[in-house]
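Report on the structure given below.
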Amino acid sequence: MAYSNKVIDHYENPRNVGGFDKNDPSVATGMVGAPACGDVMKLQIKVGENGIIEDAKFKTYGCGSAIASSSLVTEWVKGKTLEEATAIKNTDIAEELALPPVKIHCSILAEDAIKAAVDDYKSKHSS
Amino acid sequence: MNFFSLYQLPEQFDIDLEQLNKAHKTLVKLTHPDRFATASERERLMAVQKNAQVNDGYSVLKSPVSRAEHLLSLRGVELRHEQQTMQDTAFLMQQMEWREALEDMASAPDEQQLTALDAELVGHINDHMTNMKMALDKNSDDGNQRGADEIRKLKFMLKLRAEIARLEDTLHEQ
């Protein structure tokens, strides 16, 4: 299958690969997986005291589209509030990367990873 | 298409593999295009279709995970095209750890390390298979949902094993 140039760019030069110390209270982690293809994605966000996402990192084991989707969202969430970040839709990701229909689940995975990370942050800070 | 009835097997997870193989041979013969060389165009076309179904059914029923998926789909639980993500953090963390271990091994594959990791995975796969079978045998909504969960987990596990097999292949090619 032919990947779009944007997918190839993110795949060959992934942004923000890695992770933060999960014990750091300003860090939250979202873990998601796609059973259909066995892809696993970890997205971590570092949230400032003003509630703005200062930094994001990811680690994804999966196809080029899954890697590109997670790489893209680490760029997108930076500078956003938690609410703004959860407003990112998989359709925005799929459109930006020109994902073919069979790879839409990769963008769903990235959207759900953001939501899972934000949920983790909220549950860490609710008590 | 109900592959269990095509193969005249009881509609349940456990099947007699010998019976499946026997039925496959018979059905392949019955639907072989050569038998329809002199038949009408329509009959030939039908035989080709039937032959394809027979082969699809065989591969679906032969592997436990795809058989379980087929069984669930007959019960109205469709897993094949689901796009839902899994969020079982503990399970996914473990997946991540295995993938990382495998990634470390990839730079300098070592037969013993790969075999040890594979054996560890097989142990977990067997546990998930047992849970899946018990859940599916209940044939209840709750059992089907739990069975579906085990199938989802098994897919991650099988993907990992496929990666190990791929690395082992590269070892033997050298």
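Letters A, B, ... mark the chains of the structure tokens in the order given; residue numbers begin at 1 per chain; ligand numbers begin at 1, in order shown.
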List every residue of chain A that DSSP, applied to the backbone, labels as alpha helix (DSSP H), and write the result as a ChimeraX atom specification.
/A:5-12,64-77,82-86,90-97,104-125
Selected residues written out, C-alpha atoms, as an mmCIF file, in the first residue's frame:
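Listed below is the output, selection08.cif:
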data_model
loop_
_atom_site.group_PDB
_atom_site.id
_atom_site.type_symbol
_atom_site.label_atom_id
_atom_site.label_comp_id
_atom_site.auth_asym_id
_atom_site.auth_seq_id
_atom_site.Cartn_x
_atom_site.Cartn_y
_atom_site.Cartn_z
ATOM 1 C CA ASN A 5 4.273 11.742 2.061
ATOM 2 C CA LYS A 6 3.186 12.995 5.477
ATOM 3 C CA VAL A 7 2.989 9.457 6.842
ATOM 4 C CA ILE A 8 6.424 8.670 5.441
ATOM 5 C CA ASP A 9 7.851 11.882 6.902
ATOM 6 C CA HIS A 10 6.526 11.097 10.406
ATOM 7 C CA TYR A 11 7.537 7.461 10.075
ATOM 8 C CA GLU A 12 11.096 8.262 9.016
ATOM 9 C CA GLY A 64 3.710 3.225 9.669
ATOM 10 C CA SER A 65 0.277 4.825 9.961
ATOM 11 C CA ALA A 66 0.065 4.107 13.697
ATOM 12 C CA ILE A 67 3.533 5.585 14.251
ATOM 13 C CA ALA A 68 2.725 8.624 12.115
ATOM 14 C CA SER A 69 -0.623 9.174 13.893
ATOM 15 C CA SER A 70 0.984 9.142 17.328
ATOM 16 C CA SER A 71 3.917 11.274 16.211
ATOM 17 C CA LEU A 72 1.486 13.840 14.781
ATOM 18 C CA VAL A 73 -0.649 14.052 17.935
ATOM 19 C CA THR A 74 2.390 14.660 20.147
ATOM 20 C CA GLU A 75 2.951 17.789 18.045
ATOM 21 C CA TRP A 76 -0.692 18.771 18.083
ATOM 22 C CA VAL A 77 -1.335 18.477 21.845
ATOM 23 C CA LEU A 82 -6.633 19.255 28.364
ATOM 24 C CA GLU A 83 -10.057 20.117 26.967
ATOM 25 C CA GLU A 84 -8.616 21.310 23.673
ATOM 26 C CA ALA A 85 -6.502 18.164 23.413
ATOM 27 C CA THR A 86 -9.486 15.849 23.899
ATOM 28 C CA ASN A 90 -9.542 10.889 14.611
ATOM 29 C CA THR A 91 -10.961 12.361 11.402
ATOM 30 C CA ASP A 92 -8.614 15.369 11.771
ATOM 31 C CA ILE A 93 -5.655 13.002 12.101
ATOM 32 C CA ALA A 94 -6.770 10.807 9.194
ATOM 33 C CA GLU A 95 -7.290 13.864 7.015
ATOM 34 C CA GLU A 96 -3.930 15.440 7.870
ATOM 35 C CA LEU A 97 -2.088 12.190 7.097
ATOM 36 C CA ILE A 104 -8.525 4.710 9.950
ATOM 37 C CA HIS A 105 -8.202 2.565 13.082
ATOM 38 C CA CYS A 106 -4.671 3.970 13.538
ATOM 39 C CA SER A 107 -6.098 7.476 13.869
ATOM 40 C CA ILE A 108 -8.777 6.180 16.276
ATOM 41 C CA LEU A 109 -5.982 4.664 18.335
ATOM 42 C CA ALA A 110 -4.192 8.038 18.518
ATOM 43 C CA GLU A 111 -7.393 9.882 19.472
ATOM 44 C CA ASP A 112 -8.118 7.337 22.204
ATOM 45 C CA ALA A 113 -4.523 7.588 23.443
ATOM 46 C CA ILE A 114 -4.962 11.330 24.041
ATOM 47 C CA LYS A 115 -8.242 10.712 25.883
ATOM 48 C CA ALA A 116 -6.671 7.948 27.984
ATOM 49 C CA ALA A 117 -3.735 10.209 28.923
ATOM 50 C CA VAL A 118 -6.069 13.072 29.875
ATOM 51 C CA ASP A 119 -8.225 10.675 31.925
ATOM 52 C CA ASP A 120 -5.094 9.440 33.670
ATOM 53 C CA TYR A 121 -4.083 13.031 34.467
ATOM 54 C CA LYS A 122 -7.523 13.839 35.845
ATOM 55 C CA SER A 123 -7.677 10.714 37.999
ATOM 56 C CA LYS A 124 -4.166 11.452 39.312
ATOM 57 C CA HIS A 125 -5.222 14.958 40.306
#
Please tabulate, as CSV, the residues of chain A that come within 7 Å of chain B, each with its closest pair of atoms and the distance in Å to one decimal, counting only C-alpha atoms and ordering rows by chain, then residue number upward.
residue,atom,partner,partner_atom,distance
A:Met31,CA,B:Thr89,CA,5.9
A:Val32,CA,B:Gln87,CA,5.0
A:Gly33,CA,B:Met86,CA,4.9
A:Ala34,CA,B:Thr85,CA,5.0
A:Pro35,CA,B:Arg152,CA,5.1
A:Gly38,CA,B:Phe156,CA,4.5
A:Val40,CA,B:Met96,CA,7.0
A:His105,CA,B:Gln83,CA,5.5
A:Leu109,CA,B:Thr85,CA,6.2
Between CA of Trp98 (chain B) and CA of Leu43 (chain A), distance in Å (one decimal):
17.4 Å
Pick from A:Pro25, A:Pro14, A:Pro101, A:Gly19 nearest to Gly48 (chain A), counting only C-alpha atoms
A:Pro25
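CA of Gln94 (chain B) is positioned 20.4 Å from CA of Ile45 (chain A).
Of the residues under consideration (A:Ala2, A:Ala28, A:Val102, A:Ala87), A:Ala28 shows the shortest atom-to-atom contact distance to Lys46 (chain A) when counting only C-alpha atoms.
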Which of chain A fall in strand (DSSP E or B), as JSON, numbers by chain:
{"A": [17, 27, 28, 29, 30, 31, 32, 33, 34, 39, 40, 41, 42, 43, 44, 45, 46, 47, 52, 53, 54, 55, 56, 57, 58, 59, 60, 61, 81]}
CA of Gln145 (chain B) to CA of Leu74 (chain B): how many Å, to one decimal?
13.6 Å
Could you pull the residues within 7 Å of region 24-35 of chain B, counting only C-alpha atoms, minus those fewer than 3 positions along the same chain, as a VMD selection string?
chain B and resid 20 to 21 44 47 to 48 50 to 51 54 58
